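With mmCIF, N, CA and C atoms inside, this is final.cif:
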data_query
loop_
_atom_site.label_atom_id
_atom_site.label_comp_id
_atom_site.auth_asym_id
_atom_site.auth_seq_id
_atom_site.Cartn_x
_atom_site.Cartn_y
_atom_site.Cartn_z
N MET A 1 -20.96 30.59 16.27
CA MET A 1 -20.25 31.37 17.26
C MET A 1 -19.31 32.31 16.54
N ARG A 2 -19.12 33.47 17.13
CA ARG A 2 -18.27 34.47 16.52
C ARG A 2 -17.27 34.95 17.56
N VAL A 3 -16.02 35.07 17.16
CA VAL A 3 -14.96 35.59 18.01
C VAL A 3 -14.37 36.79 17.30
N THR A 4 -14.22 37.90 18.02
CA THR A 4 -13.66 39.11 17.44
C THR A 4 -12.31 39.39 18.07
N ILE A 5 -11.32 39.58 17.23
CA ILE A 5 -9.97 39.94 17.67
C ILE A 5 -9.61 41.21 16.92
N GLU A 6 -9.25 42.23 17.67
CA GLU A 6 -8.88 43.50 17.03
C GLU A 6 -7.36 43.60 17.01
N ALA A 7 -6.81 43.72 15.83
CA ALA A 7 -5.36 43.87 15.66
C ALA A 7 -5.06 45.30 15.24
N PHE A 8 -3.91 45.79 15.71
CA PHE A 8 -3.58 47.19 15.46
C PHE A 8 -2.65 47.39 14.27
N ASP A 9 -2.00 46.35 13.81
CA ASP A 9 -1.18 46.49 12.62
C ASP A 9 -1.14 45.17 11.87
N ILE A 10 -0.56 45.19 10.69
CA ILE A 10 -0.57 44.02 9.81
C ILE A 10 0.26 42.88 10.38
N HIS A 11 1.26 43.20 11.19
CA HIS A 11 2.09 42.14 11.78
C HIS A 11 1.28 41.32 12.78
N GLU A 12 0.44 41.97 13.56
CA GLU A 12 -0.42 41.25 14.49
C GLU A 12 -1.41 40.36 13.73
N VAL A 13 -1.94 40.86 12.63
CA VAL A 13 -2.88 40.08 11.83
C VAL A 13 -2.19 38.84 11.27
N GLU A 14 -0.97 38.99 10.78
CA GLU A 14 -0.24 37.85 10.25
C GLU A 14 0.01 36.80 11.32
N LYS A 15 0.37 37.23 12.53
CA LYS A 15 0.60 36.29 13.63
C LYS A 15 -0.67 35.53 13.98
N ILE A 16 -1.78 36.25 14.05
CA ILE A 16 -3.06 35.62 14.40
C ILE A 16 -3.48 34.63 13.32
N LEU A 17 -3.33 35.01 12.06
CA LEU A 17 -3.71 34.10 10.98
C LEU A 17 -2.83 32.87 10.94
N ASN A 18 -1.54 33.03 11.18
CA ASN A 18 -0.65 31.87 11.23
C ASN A 18 -1.03 30.93 12.37
N LEU A 19 -1.39 31.48 13.51
CA LEU A 19 -1.82 30.65 14.63
C LEU A 19 -3.09 29.89 14.29
N LEU A 20 -4.06 30.58 13.71
CA LEU A 20 -5.32 29.92 13.36
C LEU A 20 -5.13 28.87 12.28
N LYS A 21 -4.25 29.12 11.33
CA LYS A 21 -3.97 28.14 10.28
C LYS A 21 -3.30 26.91 10.87
N SER A 22 -2.42 27.10 11.86
CA SER A 22 -1.75 25.96 12.49
C SER A 22 -2.73 25.11 13.29
N LEU A 23 -3.85 25.68 13.70
CA LEU A 23 -4.87 24.93 14.43
C LEU A 23 -5.89 24.29 13.50
N ASN A 24 -5.71 24.42 12.21
CA ASN A 24 -6.60 23.84 11.18
C ASN A 24 -8.04 24.37 11.29
N ILE A 25 -8.18 25.62 11.57
CA ILE A 25 -9.51 26.25 11.58
C ILE A 25 -9.80 26.69 10.16
N LYS A 26 -10.91 26.18 9.61
CA LYS A 26 -11.17 26.37 8.19
C LYS A 26 -12.00 27.62 7.89
N ASN A 27 -12.90 27.97 8.76
CA ASN A 27 -13.80 29.09 8.47
C ASN A 27 -13.26 30.35 9.14
N ILE A 28 -12.38 31.07 8.46
CA ILE A 28 -11.79 32.30 8.96
C ILE A 28 -12.18 33.43 8.02
N GLU A 29 -12.72 34.48 8.59
CA GLU A 29 -13.11 35.64 7.78
C GLU A 29 -12.40 36.87 8.34
N VAL A 30 -11.70 37.58 7.48
CA VAL A 30 -10.99 38.79 7.88
C VAL A 30 -11.78 39.98 7.34
N ILE A 31 -12.22 40.85 8.27
CA ILE A 31 -12.97 42.05 7.89
C ILE A 31 -12.08 43.24 8.18
N PRO A 32 -11.66 43.96 7.15
CA PRO A 32 -10.78 45.11 7.39
C PRO A 32 -11.52 46.23 8.11
N GLY A 33 -10.82 46.89 9.00
CA GLY A 33 -11.39 48.02 9.74
C GLY A 33 -11.24 49.30 8.94
N PRO A 34 -11.58 50.40 9.56
CA PRO A 34 -11.43 51.67 8.85
C PRO A 34 -9.96 51.96 8.59
N SER A 35 -9.71 52.60 7.49
CA SER A 35 -8.33 52.90 7.13
C SER A 35 -7.75 53.93 8.09
N GLY A 36 -6.45 54.01 8.13
CA GLY A 36 -5.78 54.92 9.04
C GLY A 36 -5.72 56.34 8.55
N GLN A 37 -6.46 56.66 7.51
CA GLN A 37 -6.43 58.01 6.97
C GLN A 37 -7.20 58.95 7.89
N THR A 38 -6.68 60.14 8.06
CA THR A 38 -7.39 61.12 8.85
C THR A 38 -8.46 61.78 8.00
N PRO A 39 -9.60 62.09 8.61
CA PRO A 39 -10.66 62.72 7.83
C PRO A 39 -10.26 64.13 7.42
N SER A 40 -10.81 64.56 6.30
CA SER A 40 -10.51 65.92 5.85
C SER A 40 -11.33 66.91 6.67
N ILE A 41 -10.76 68.03 6.95
CA ILE A 41 -11.43 69.06 7.72
C ILE A 41 -11.74 70.23 6.80
N THR A 42 -13.00 70.62 6.79
CA THR A 42 -13.43 71.75 5.97
C THR A 42 -13.65 72.95 6.88
N LYS A 43 -13.03 74.03 6.57
CA LYS A 43 -13.19 75.23 7.37
C LYS A 43 -14.55 75.87 7.08
N GLY A 44 -15.11 76.44 8.12
CA GLY A 44 -16.42 77.06 8.00
C GLY A 44 -16.39 78.38 7.26
N ASP A 45 -17.56 78.84 6.90
CA ASP A 45 -17.71 80.11 6.19
C ASP A 45 -17.65 81.23 7.23
N LYS A 46 -16.59 81.98 7.24
CA LYS A 46 -16.40 83.05 8.21
C LYS A 46 -17.16 84.33 7.84
N LYS A 47 -17.81 84.32 6.68
CA LYS A 47 -18.54 85.51 6.24
C LYS A 47 -19.91 85.63 6.89
N ILE A 48 -20.40 84.55 7.49
CA ILE A 48 -21.72 84.57 8.11
C ILE A 48 -21.66 85.42 9.38
N ASP A 49 -22.63 86.32 9.54
CA ASP A 49 -22.68 87.20 10.71
C ASP A 49 -23.60 86.56 11.75
N PRO A 50 -23.06 86.08 12.89
CA PRO A 50 -23.90 85.41 13.89
C PRO A 50 -24.81 86.37 14.65
N ARG A 51 -24.58 87.66 14.54
CA ARG A 51 -25.40 88.62 15.29
C ARG A 51 -26.86 88.59 14.86
N VAL A 52 -27.14 88.16 13.63
CA VAL A 52 -28.54 88.11 13.18
C VAL A 52 -29.32 87.02 13.92
N LEU A 53 -28.62 86.09 14.55
CA LEU A 53 -29.30 85.03 15.27
C LEU A 53 -29.72 85.44 16.68
N PHE A 54 -29.13 86.50 17.21
CA PHE A 54 -29.48 86.94 18.55
C PHE A 54 -30.93 87.39 18.59
N GLY A 55 -31.65 86.92 19.58
CA GLY A 55 -33.04 87.30 19.75
C GLY A 55 -34.03 86.42 19.02
N ILE A 56 -33.61 85.30 18.43
CA ILE A 56 -34.57 84.47 17.68
C ILE A 56 -35.56 83.79 18.61
N TRP A 57 -35.26 83.68 19.92
CA TRP A 57 -36.17 83.06 20.87
C TRP A 57 -36.85 84.11 21.75
N LYS A 58 -36.86 85.37 21.34
CA LYS A 58 -37.42 86.41 22.20
C LYS A 58 -38.92 86.22 22.42
N ASP A 59 -39.63 85.65 21.43
CA ASP A 59 -41.07 85.43 21.58
C ASP A 59 -41.38 84.14 22.33
N ALA A 60 -40.41 83.24 22.43
CA ALA A 60 -40.60 81.97 23.14
C ALA A 60 -39.32 81.67 23.93
N PRO A 61 -39.12 82.40 25.04
CA PRO A 61 -37.89 82.19 25.80
C PRO A 61 -37.79 80.77 26.36
N ARG A 62 -36.58 80.26 26.39
CA ARG A 62 -36.34 78.91 26.88
C ARG A 62 -35.17 78.93 27.84
N SER A 63 -35.30 78.12 28.85
CA SER A 63 -34.18 77.96 29.77
C SER A 63 -33.39 76.72 29.36
N LEU A 64 -32.20 76.62 29.86
CA LEU A 64 -31.37 75.46 29.57
C LEU A 64 -32.03 74.18 30.06
N GLU A 65 -32.68 74.26 31.21
CA GLU A 65 -33.37 73.08 31.76
C GLU A 65 -34.53 72.65 30.86
N ALA A 66 -35.24 73.61 30.28
CA ALA A 66 -36.35 73.27 29.39
C ALA A 66 -35.85 72.61 28.11
N ILE A 67 -34.75 73.11 27.58
CA ILE A 67 -34.17 72.51 26.37
C ILE A 67 -33.73 71.09 26.66
N ARG A 68 -33.04 70.90 27.78
CA ARG A 68 -32.59 69.55 28.14
C ARG A 68 -33.77 68.62 28.39
N GLY A 69 -34.80 69.14 29.03
CA GLY A 69 -35.95 68.31 29.35
C GLY A 69 -36.68 67.79 28.12
N THR A 70 -36.76 68.61 27.07
CA THR A 70 -37.50 68.18 25.88
C THR A 70 -36.62 67.44 24.88
N ASN A 71 -35.34 67.76 24.83
CA ASN A 71 -34.50 67.19 23.79
C ASN A 71 -33.63 66.03 24.24
N TRP A 72 -33.45 65.85 25.53
CA TRP A 72 -32.57 64.78 26.00
C TRP A 72 -33.33 63.59 26.54
N LYS A 73 -34.63 63.54 26.28
CA LYS A 73 -35.40 62.39 26.75
C LYS A 73 -34.94 61.16 25.98
N ARG A 74 -34.69 60.12 26.72
CA ARG A 74 -34.25 58.88 26.08
C ARG A 74 -35.15 57.74 26.55
N ASP A 75 -35.45 56.85 25.64
CA ASP A 75 -36.20 55.66 25.99
C ASP A 75 -35.20 54.54 26.23
N TRP A 76 -34.82 54.34 27.49
CA TRP A 76 -33.79 53.37 27.83
C TRP A 76 -34.29 51.94 27.64
N ASN A 77 -35.57 51.74 27.45
CA ASN A 77 -36.11 50.38 27.28
C ASN A 77 -36.22 49.97 25.82
N ALA A 78 -35.86 50.85 24.93
CA ALA A 78 -35.99 50.56 23.49
C ALA A 78 -34.89 49.64 23.02
#
Taking this structure as input, can you express it in the form of structure tokens?
Amino acid sequence: MRVTIEAFDIHEVEKILNLLKSLNIKNIEVIPGPSGQTPSITKGDKKIDPRVLFGIWKDAPRSLEAIRGTNWKRDWNA
């Protein structure tokens, strides 16, 4: 059996571990979560000219419904 307790700071973890130790529970595993560091943000290349992309679907026009119909199909039974 597995029980998951999510603690938000080290003080909560210490309290939980002290409680579990006082109950003589021997098999305790602490798995650290992701660190509180914020991810680095990389700015995009502003030199790219998006105008060259206009008209790339002129030979095969697509509607928003067609894009959603082909790309958003999900197999909910998988």
DSSP alpha helix (DSSP H) selection over chain A, as a list in words =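 Filtering chain A down to alpha helix (DSSP H) leaves Ile10, His11, Glu12, Val13, Glu14, Lys15, Ile16, Leu17, Asn18, Leu19, Leu20, Lys21, Ser22, Leu64, Glu65, Ala66, Ile67, Arg68, Gly69, Thr70 and Asn71 of chain A.
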Would you translate the PyMOL selection byres (((chain A and resi 23-31 and name CA) around 12) and name CA) into the concrete set of residues it matches in this file, as a list in words?
->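 On the file shown, the PyMOL selection byres (((chain A and resi 23-31 and name CA) around 12) and name CA) covers Met1, Arg2, Val3, Thr4, Ile5, Glu6, Ala7, Ile10, Val13, Glu14, Ile16, Leu17, Asn18, Leu19, Leu20, Lys21, Ser22, Pro32, Gly33, Pro34 and Ser35 of chain A.
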Could you state the separation of atom N of A:Thr38 and atom CA of A:Asp9 in Å, given to one decimal place?
->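 Atom-to-atom, atom N of A:Thr38 and atom CA of A:Asp9 are spaced 15.4 Å apart.
Here atom C of A:Ala60 stands at a distance of 21.1 Å from atom C of A:Lys73.
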